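Structure, as structure tokens:
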Amino acid sequence: MIRALGPFAVAMLLAAPAVAQQVEEGPGGPDRVSLTVYNQNIALVEDVRNLNVPAGRSRQEFPGVSASIRPETVGLSGRGLSVVEQNFDYDLLTPGKLMESAVGGDIGIVRTNPGSGAQETERARVLAANQGVVLQIGDRIEVLRDDGVPTRVIFDRVPANLRPRPTLSVTLDAEGAGRRETTLSYLTAGLAWKADYVARFDEKAGKLDLTGWITITNNSGATFSNAQTRVVAGDVNLINGNNGYNPRYGQPPRSVRGNGTQTGGQGALADVYVYPLPEAVTVANNQTKQVGLIDAAGVRATKRYLNVVDGFNSAEEPVAAEVGVIFSNGSGNAARALPAGVMRVYVKDEAGEPRFIGEDQVDHSPAGSEIVVTTGDAFDVTVQPRLVSSERVSKRWVDYFRTRYAMEYTVRNARPEPVTVEVRQRGLGRDTELTDQSITGEMRDARTVVWRVPVPANGETKLTATITTGG
């Protein structure tokens, strides 16, 4: 029995033959299905079914499609078939909908005496089913309510417009009769995915073990069984109606770069990457599923200390260096592109127990990329910049201004082992010249110079340089 009808809860009993007839109409679920899940709460479904189609026009039903289907994206293909019309019925069979459809008609009311167990059945006409159910039984008007007396409601049939699950019905025109394979494809909202990683870093060995997971969340209203599944890293352009907002899908469109579709194997396609899961998975409705993406051991990795200096100024206090772990996602045949996601880093303490030291959002990384995971700040490794002097070196109005800066960077290390700190000076202008450097730096880009500064254990290193740059 199903309990509930608003505040006047009752137990409702559906006529069994009517339910069975409704459920068994038309073909069942797909014979096989594949999913391509994008970053933007949308997925492409390819639903393959074997249908026995008569010659000429006929209506075929496809129960079990996603409740969040975008009907305008539906496509159907099959030998000798053309589509005349299609309808998506998503008025689902529920106790409340069943009672609403009975307004103006008759139902059976069965009450059971709690003491004797005797049952009494009456016929009643449903006058209203708004905030409660109003009945006419003979000459009296009653409100159906839960007053402690067990009550059942019997319906004679299920209305044709109510479906036990979302159903797509398609009117086909077939060149000839016979069984044939058809492929139904459509976009649906309610499916999303993300990537998560765990890195176990061994600093002394200079290696890490990397585990990656794909997490798929399904709120589409349908279960996809044994689905060949792919996920797409990168955004595709989506356009919805109503001046850029479609209330049915619950979010405005997102204008982004790239176009994409599914592919048979991992790799670049247009401006996106496609990752097939290693085996078919069942993605149930209202479920979050995790599937392994990568499991790599002994990946070479190093720790990096970084300090970024913006502009040419003096800092009153030392600034903590940023700590990161750097590694590459393979080379040659072992190279593997990694989708963007959150990477969490663990190290072992003195007792050998793993300890969480930080997490970072990493971008999509093509195979062979250098990946940097920032885990936090090292307060025992600091950098203090000081502007020693500055002077204009071009004062003619026909020239753009150039300034010569004398800079000093004091890099301190309170750790018991030596470290190397990457100092980046940003804010450079045109035609930059580096002179009088105590450590030779390199231009990372047109506006950034980088020095790698070695610092002894429990010591400090002073980096000096003169930077002449245009405004």
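In the structure tokens, each chain is lettered A, B, ... as it comes, each chain's residues begin at 1, and ligands are numbered from 1 in order of appearance.
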Check: Could you name the residues that touch Thr420 in chain A at 10 Å or less, counting only C-alpha atoms, but leaving out those on the same chain fewer than 5 positions away, as a PyMOL selection string?
Finding: chain A and resi 303-306+381+411+413+451-456
Preceding selection exported with all heavy atoms as an mmCIF file, in the first residue's frame:
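Final output, selection28.cif:
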```
data_model
loop_
_atom_site.group_PDB
_atom_site.id
_atom_site.type_symbol
_atom_site.label_atom_id
_atom_site.label_comp_id
_atom_site.auth_asym_id
_atom_site.auth_seq_id
_atom_site.Cartn_x
_atom_site.Cartn_y
_atom_site.Cartn_z
ATOM 1 N N LYS A 303 59.636 18.416 -4.849
ATOM 2 C CA LYS A 303 58.973 19.507 -4.129
ATOM 3 C C LYS A 303 59.504 20.836 -4.657
ATOM 4 O O LYS A 303 60.693 20.964 -4.976
ATOM 5 C CB LYS A 303 59.236 19.406 -2.624
ATOM 6 C CG LYS A 303 58.566 20.517 -1.822
ATOM 7 C CD LYS A 303 58.978 20.473 -0.362
ATOM 8 C CE LYS A 303 58.264 19.369 0.374
ATOM 9 N NZ LYS A 303 58.514 19.447 1.847
ATOM 10 N N ARG A 304 58.625 21.832 -4.739
ATOM 11 C CA ARG A 304 59.031 23.152 -5.204
ATOM 12 C C ARG A 304 58.611 24.212 -4.191
ATOM 13 O O ARG A 304 57.476 24.189 -3.685
ATOM 14 C CB ARG A 304 58.376 23.471 -6.546
ATOM 15 C CG ARG A 304 58.815 24.827 -7.104
ATOM 16 C CD ARG A 304 57.952 25.255 -8.273
ATOM 17 N NE ARG A 304 56.605 25.620 -7.847
ATOM 18 C CZ ARG A 304 55.661 26.054 -8.683
ATOM 19 N NH1 ARG A 304 55.934 26.138 -9.967
ATOM 20 N NH2 ARG A 304 54.474 26.370 -8.229
ATOM 21 N N TYR A 305 59.547 25.143 -3.906
ATOM 22 C CA TYR A 305 59.237 26.334 -3.116
ATOM 23 C C TYR A 305 59.203 27.525 -4.070
ATOM 24 O O TYR A 305 60.126 27.719 -4.860
ATOM 25 C CB TYR A 305 60.283 26.555 -2.028
ATOM 26 C CG TYR A 305 60.325 25.467 -0.980
ATOM 27 C CD1 TYR A 305 61.245 24.420 -1.079
ATOM 28 C CD2 TYR A 305 59.440 25.477 0.080
ATOM 29 C CE1 TYR A 305 61.284 23.407 -0.128
ATOM 30 C CE2 TYR A 305 59.473 24.474 1.045
ATOM 31 C CZ TYR A 305 60.384 23.449 0.930
ATOM 32 O OH TYR A 305 60.406 22.445 1.869
ATOM 33 N N LEU A 306 58.152 28.302 -3.987
ATOM 34 C CA LEU A 306 57.951 29.391 -4.941
ATOM 35 C C LEU A 306 57.526 30.656 -4.211
ATOM 36 O O LEU A 306 56.686 30.625 -3.302
ATOM 37 C CB LEU A 306 56.862 29.004 -5.952
ATOM 38 C CG LEU A 306 56.337 30.110 -6.871
ATOM 39 C CD1 LEU A 306 57.425 30.562 -7.845
ATOM 40 C CD2 LEU A 306 55.101 29.640 -7.630
ATOM 41 N N VAL A 381 60.346 28.689 5.209
ATOM 42 C CA VAL A 381 61.076 29.134 4.018
ATOM 43 C C VAL A 381 60.429 30.441 3.568
ATOM 44 O O VAL A 381 59.253 30.462 3.202
ATOM 45 C CB VAL A 381 61.037 28.093 2.890
ATOM 46 C CG1 VAL A 381 61.768 28.617 1.648
ATOM 47 C CG2 VAL A 381 61.650 26.773 3.339
ATOM 48 N N VAL A 411 66.476 35.372 0.954
ATOM 49 C CA VAL A 411 65.771 34.089 0.986
ATOM 50 C C VAL A 411 66.286 33.306 2.187
ATOM 51 O O VAL A 411 67.482 33.006 2.281
ATOM 52 C CB VAL A 411 66.006 33.298 -0.316
ATOM 53 C CG1 VAL A 411 65.138 32.046 -0.325
ATOM 54 C CG2 VAL A 411 65.708 34.174 -1.535
ATOM 55 N N ASN A 413 65.960 30.021 5.059
ATOM 56 C CA ASN A 413 65.547 28.624 5.182
ATOM 57 C C ASN A 413 65.794 28.166 6.608
ATOM 58 O O ASN A 413 66.930 28.055 7.050
ATOM 59 C CB ASN A 413 66.337 27.747 4.197
ATOM 60 C CG ASN A 413 66.068 26.269 4.395
ATOM 61 O OD1 ASN A 413 65.009 25.872 4.863
ATOM 62 N ND2 ASN A 413 67.053 25.431 4.045
ATOM 63 N N TRP A 451 64.444 33.260 -10.943
ATOM 64 C CA TRP A 451 65.730 32.807 -10.404
ATOM 65 C C TRP A 451 65.508 31.575 -9.544
ATOM 66 O O TRP A 451 64.513 31.486 -8.808
ATOM 67 C CB TRP A 451 66.374 33.886 -9.516
ATOM 68 C CG TRP A 451 66.769 35.132 -10.226
ATOM 69 C CD1 TRP A 451 67.897 35.356 -10.957
ATOM 70 C CD2 TRP A 451 66.039 36.360 -10.246
ATOM 71 N NE1 TRP A 451 67.931 36.638 -11.438
ATOM 72 C CE2 TRP A 451 66.800 37.286 -11.015
ATOM 73 C CE3 TRP A 451 64.823 36.790 -9.691
ATOM 74 C CZ2 TRP A 451 66.381 38.583 -11.242
ATOM 75 C CZ3 TRP A 451 64.401 38.081 -9.914
ATOM 76 C CH2 TRP A 451 65.176 38.974 -10.688
ATOM 77 N N ARG A 452 66.404 30.616 -9.648
ATOM 78 C CA ARG A 452 66.388 29.447 -8.760
ATOM 79 C C ARG A 452 67.492 29.656 -7.737
ATOM 80 O O ARG A 452 68.684 29.611 -8.065
ATOM 81 C CB ARG A 452 66.578 28.155 -9.554
ATOM 82 C CG ARG A 452 65.401 27.855 -10.486
ATOM 83 C CD ARG A 452 65.605 26.560 -11.261
ATOM 84 N NE ARG A 452 65.831 25.428 -10.379
ATOM 85 C CZ ARG A 452 64.877 24.737 -9.766
ATOM 86 N NH1 ARG A 452 63.597 25.099 -9.956
ATOM 87 N NH2 ARG A 452 65.157 23.722 -8.991
ATOM 88 N N VAL A 453 67.080 29.851 -6.484
ATOM 89 C CA VAL A 453 68.001 30.288 -5.436
ATOM 90 C C VAL A 453 68.266 29.134 -4.470
ATOM 91 O O VAL A 453 67.364 28.713 -3.741
ATOM 92 C CB VAL A 453 67.423 31.495 -4.667
ATOM 93 C CG1 VAL A 453 68.426 31.982 -3.623
ATOM 94 C CG2 VAL A 453 67.040 32.615 -5.633
ATOM 95 N N PRO A 454 69.500 28.600 -4.423
ATOM 96 C CA PRO A 454 69.820 27.570 -3.430
ATOM 97 C C PRO A 454 70.043 28.217 -2.063
ATOM 98 O O PRO A 454 70.720 29.248 -1.953
ATOM 99 C CB PRO A 454 71.108 26.945 -3.976
ATOM 100 C CG PRO A 454 71.729 28.026 -4.796
ATOM 101 C CD PRO A 454 70.616 28.860 -5.344
ATOM 102 N N VAL A 455 69.505 27.601 -1.014
ATOM 103 C CA VAL A 455 69.620 28.142 0.341
ATOM 104 C C VAL A 455 70.077 27.010 1.255
ATOM 105 O O VAL A 455 69.467 25.935 1.273
ATOM 106 C CB VAL A 455 68.267 28.707 0.842
ATOM 107 C CG1 VAL A 455 68.462 29.467 2.142
ATOM 108 C CG2 VAL A 455 67.623 29.595 -0.208
ATOM 109 N N PRO A 456 71.149 27.212 2.028
ATOM 110 C CA PRO A 456 71.624 26.139 2.909
ATOM 111 C C PRO A 456 70.662 25.887 4.069
ATOM 112 O O PRO A 456 69.806 26.709 4.378
ATOM 113 C CB PRO A 456 72.977 26.685 3.409
ATOM 114 C CG PRO A 456 72.840 28.173 3.316
ATOM 115 C CD PRO A 456 71.978 28.423 2.119
#
```
Item checked: Arg123 in chain A environment, 12 Å, only C-alpha atoms, sequence neighbours closer than 5 positions dropped, as JSON, numbers by chain -> {"A": [105, 106, 107, 108, 109, 110, 111, 135, 136, 137, 138, 139, 152, 153, 154, 155, 156]}
Could those residues be written to a file, using N, CA and C atoms, as a PDB file, in the first residue's frame?
```
ATOM      1  N   GLY A 105     -15.261  11.089 -11.528  1.00  0.00           N
ATOM      2  CA  GLY A 105     -15.526   9.672 -11.720  1.00  0.00           C
ATOM      3  C   GLY A 105     -15.720   8.956 -10.401  1.00  0.00           C
ATOM      4  N   ASP A 106     -15.933   7.650 -10.471  1.00  0.00           N
ATOM      5  CA  ASP A 106     -16.209   6.832  -9.284  1.00  0.00           C
ATOM      6  C   ASP A 106     -14.998   5.987  -8.924  1.00  0.00           C
ATOM      7  N   ILE A 107     -14.816   5.780  -7.633  1.00  0.00           N
ATOM      8  CA  ILE A 107     -13.772   4.915  -7.093  1.00  0.00           C
ATOM      9  C   ILE A 107     -14.380   4.042  -6.012  1.00  0.00           C
ATOM     10  N   GLY A 108     -13.632   3.050  -5.570  1.00  0.00           N
ATOM     11  CA  GLY A 108     -14.066   2.208  -4.466  1.00  0.00           C
ATOM     12  C   GLY A 108     -13.343   2.582  -3.188  1.00  0.00           C
ATOM     13  N   ILE A 109     -14.079   2.675  -2.083  1.00  0.00           N
ATOM     14  CA  ILE A 109     -13.511   2.962  -0.767  1.00  0.00           C
ATOM     15  C   ILE A 109     -13.699   1.721   0.097  1.00  0.00           C
ATOM     16  N   VAL A 110     -12.601   1.146   0.569  1.00  0.00           N
ATOM     17  CA  VAL A 110     -12.645  -0.044   1.409  1.00  0.00           C
ATOM     18  C   VAL A 110     -12.134   0.327   2.792  1.00  0.00           C
ATOM     19  N   ARG A 111     -13.019   0.166   3.792  1.00  0.00           N
ATOM     20  CA  ARG A 111     -12.628   0.450   5.175  1.00  0.00           C
ATOM     21  C   ARG A 111     -12.629  -0.842   5.965  1.00  0.00           C
ATOM     22  N   LEU A 135     -15.295  13.613  -1.369  1.00  0.00           N
ATOM     23  CA  LEU A 135     -16.053  12.514  -1.955  1.00  0.00           C
ATOM     24  C   LEU A 135     -17.547  12.708  -1.737  1.00  0.00           C
ATOM     25  N   GLN A 136     -18.327  12.175  -2.677  1.00  0.00           N
ATOM     26  CA  GLN A 136     -19.771  12.038  -2.471  1.00  0.00           C
ATOM     27  C   GLN A 136     -20.089  10.559  -2.406  1.00  0.00           C
ATOM     28  N   ILE A 137     -20.584  10.144  -1.219  1.00  0.00           N
ATOM     29  CA  ILE A 137     -20.957   8.746  -1.003  1.00  0.00           C
ATOM     30  C   ILE A 137     -22.449   8.727  -0.721  1.00  0.00           C
ATOM     31  N   GLY A 138     -23.221   8.300  -1.695  1.00  0.00           N
ATOM     32  CA  GLY A 138     -24.683   8.357  -1.536  1.00  0.00           C
ATOM     33  C   GLY A 138     -25.146   9.793  -1.461  1.00  0.00           C
ATOM     34  N   ASP A 139     -25.846  10.114  -0.349  1.00  0.00           N
ATOM     35  CA  ASP A 139     -26.353  11.470  -0.157  1.00  0.00           C
ATOM     36  C   ASP A 139     -25.445  12.332   0.709  1.00  0.00           C
ATOM     37  N   ARG A 152      -8.506   1.809   2.085  1.00  0.00           N
ATOM     38  CA  ARG A 152      -7.917   1.610   0.771  1.00  0.00           C
ATOM     39  C   ARG A 152      -8.796   2.288  -0.269  1.00  0.00           C
ATOM     40  N   VAL A 153      -8.142   2.759  -1.328  1.00  0.00           N
ATOM     41  CA  VAL A 153      -8.857   3.337  -2.453  1.00  0.00           C
ATOM     42  C   VAL A 153      -8.611   2.447  -3.663  1.00  0.00           C
ATOM     43  N   ILE A 154      -9.690   2.054  -4.334  1.00  0.00           N
ATOM     44  CA  ILE A 154      -9.583   1.172  -5.497  1.00  0.00           C
ATOM     45  C   ILE A 154      -9.980   1.961  -6.735  1.00  0.00           C
ATOM     46  N   PHE A 155      -9.078   1.981  -7.708  1.00  0.00           N
ATOM     47  CA  PHE A 155      -9.345   2.631  -8.984  1.00  0.00           C
ATOM     48  C   PHE A 155      -9.653   1.561 -10.028  1.00  0.00           C
ATOM     49  N   ASP A 156     -10.573   1.868 -10.913  1.00  0.00           N
ATOM     50  CA  ASP A 156     -10.983   0.889 -11.920  1.00  0.00           C
ATOM     51  C   ASP A 156      -9.937   0.708 -13.011  1.00  0.00           C
TER      52      ASP A 156
END
```
Checklist line | Residue list (strand (DSSP E), DSSP) for range 52-229 of chain A, as a PyMOL selection string | finding: chain A and resi 52-53+56-63+75-78+81-89+106-112+119-129+133-137+140-144+151-154+167-174+178-189+191-202+207-218+224-229
Would you mind exporting the chosen residues as a tab-separated table (two decimals), in the first residue's frame, restricted to C-alpha atoms?
```tsv
chain	number	residue	atom	x	y	z
A	52	ASN	CA	9.37	-5.48	-34.72
A	53	VAL	CA	8.02	-2.81	-37.05
A	56	GLY	CA	3.73	1.67	-43.29
A	57	ARG	CA	2.92	3.94	-40.38
A	58	SER	CA	2.97	2.72	-36.78
A	59	ARG	CA	3.50	4.16	-33.32
A	60	GLN	CA	6.41	2.78	-31.32
A	61	GLU	CA	6.95	3.51	-27.65
A	62	PHE	CA	10.32	3.83	-25.93
A	63	PRO	CA	9.73	3.60	-22.16
A	75	GLY	CA	17.20	11.43	-33.35
A	76	LEU	CA	16.09	7.96	-34.50
A	77	SER	CA	17.78	5.86	-37.14
A	78	GLY	CA	17.07	2.42	-38.52
A	81	LEU	CA	12.60	4.05	-41.24
A	82	SER	CA	11.56	7.68	-41.26
A	83	VAL	CA	10.08	9.65	-38.36
A	84	VAL	CA	6.69	11.28	-38.84
A	85	GLU	CA	5.98	12.51	-35.32
A	86	GLN	CA	7.29	12.10	-31.77
A	87	ASN	CA	5.86	12.82	-28.32
A	88	PHE	CA	7.49	12.77	-24.92
A	89	ASP	CA	5.11	11.79	-22.11
A	106	ASP	CA	-16.21	6.83	-9.28
A	107	ILE	CA	-13.77	4.91	-7.09
A	108	GLY	CA	-14.07	2.21	-4.47
A	109	ILE	CA	-13.51	2.96	-0.77
A	110	VAL	CA	-12.65	-0.04	1.41
A	111	ARG	CA	-12.63	0.45	5.17
A	112	THR	CA	-11.49	-2.18	7.65
A	119	GLN	CA	-14.24	-4.87	5.52
A	120	GLU	CA	-16.86	-2.55	4.11
A	121	THR	CA	-16.76	-1.35	0.49
A	122	GLU	CA	-18.58	1.69	-0.85
A	123	ARG	CA	-18.64	3.42	-4.20
A	124	ALA	CA	-17.83	7.11	-4.10
A	125	ARG	CA	-17.67	9.96	-6.61
A	126	VAL	CA	-14.55	12.13	-6.42
A	127	LEU	CA	-15.66	15.79	-6.32
A	128	ALA	CA	-12.23	17.40	-5.80
A	129	ALA	CA	-8.60	16.50	-5.13
A	133	VAL	CA	-9.94	14.63	-1.39
A	134	VAL	CA	-13.69	15.45	-1.32
A	135	LEU	CA	-16.05	12.51	-1.96
A	136	GLN	CA	-19.77	12.04	-2.47
A	137	ILE	CA	-20.96	8.75	-1.00
A	140	ARG	CA	-23.44	12.57	1.99
A	141	ILE	CA	-20.27	14.52	1.33
A	142	GLU	CA	-17.06	13.31	2.99
A	143	VAL	CA	-13.45	14.38	3.15
A	144	LEU	CA	-11.16	11.42	2.79
A	151	THR	CA	-8.61	2.67	4.32
A	152	ARG	CA	-7.92	1.61	0.77
A	153	VAL	CA	-8.86	3.34	-2.45
A	154	ILE	CA	-9.58	1.17	-5.50
A	167	THR	CA	8.05	7.39	-22.35
A	168	LEU	CA	8.94	8.63	-25.80
A	169	SER	CA	6.43	7.65	-28.48
A	170	VAL	CA	7.42	7.91	-32.13
A	171	THR	CA	5.26	7.57	-35.23
A	172	LEU	CA	7.34	5.78	-37.87
A	173	ASP	CA	6.93	5.17	-41.57
A	174	ALA	CA	8.60	1.87	-42.49
A	178	GLY	CA	10.19	-6.96	-39.92
A	179	ARG	CA	12.51	-6.80	-36.94
A	180	ARG	CA	15.31	-4.28	-37.17
A	181	GLU	CA	17.82	-2.50	-34.98
A	182	THR	CA	17.03	1.14	-34.19
A	183	THR	CA	19.26	3.70	-32.51
A	184	LEU	CA	17.64	6.43	-30.43
A	185	SER	CA	19.96	9.27	-29.51
A	186	TYR	CA	19.22	12.34	-27.40
A	187	LEU	CA	20.70	14.84	-24.99
A	188	THR	CA	19.61	14.81	-21.38
A	189	ALA	CA	20.20	17.03	-18.40
A	191	LEU	CA	24.15	13.79	-15.61
A	192	ALA	CA	27.47	15.25	-14.52
A	193	TRP	CA	30.98	14.07	-13.76
A	194	LYS	CA	34.18	15.20	-12.09
A	195	ALA	CA	37.69	13.89	-11.54
A	196	ASP	CA	39.41	13.44	-8.17
A	197	TYR	CA	42.98	12.35	-7.46
A	198	VAL	CA	44.99	11.11	-4.49
A	199	ALA	CA	48.78	11.55	-4.61
A	200	ARG	CA	50.93	9.78	-1.99
A	201	PHE	CA	54.22	11.68	-2.08
A	202	ASP	CA	57.53	10.26	-0.85
A	207	LYS	CA	58.37	9.64	-6.17
A	208	LEU	CA	54.60	9.58	-5.76
A	209	ASP	CA	51.79	7.08	-6.29
A	210	LEU	CA	48.80	8.53	-8.10
A	211	THR	CA	45.22	7.26	-8.01
A	212	GLY	CA	42.44	8.92	-10.00
A	213	TRP	CA	38.68	8.50	-9.91
A	214	ILE	CA	35.84	9.54	-12.20
A	215	THR	CA	32.72	10.42	-10.18
A	216	ILE	CA	29.44	10.35	-12.13
A	217	THR	CA	26.26	11.79	-10.60
A	218	ASN	CA	22.92	10.79	-12.13
A	224	PHE	CA	21.31	3.30	-17.53
A	225	SER	CA	22.27	-0.37	-17.21
A	226	ASN	CA	25.58	-1.77	-18.47
A	227	ALA	CA	26.28	1.45	-20.32
A	228	GLN	CA	29.44	1.95	-22.32
A	229	THR	CA	30.41	5.29	-20.79
```
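Here CA of Ser365 in chain A and CA of Val45 in chain A stand 26.7 Å from one another.
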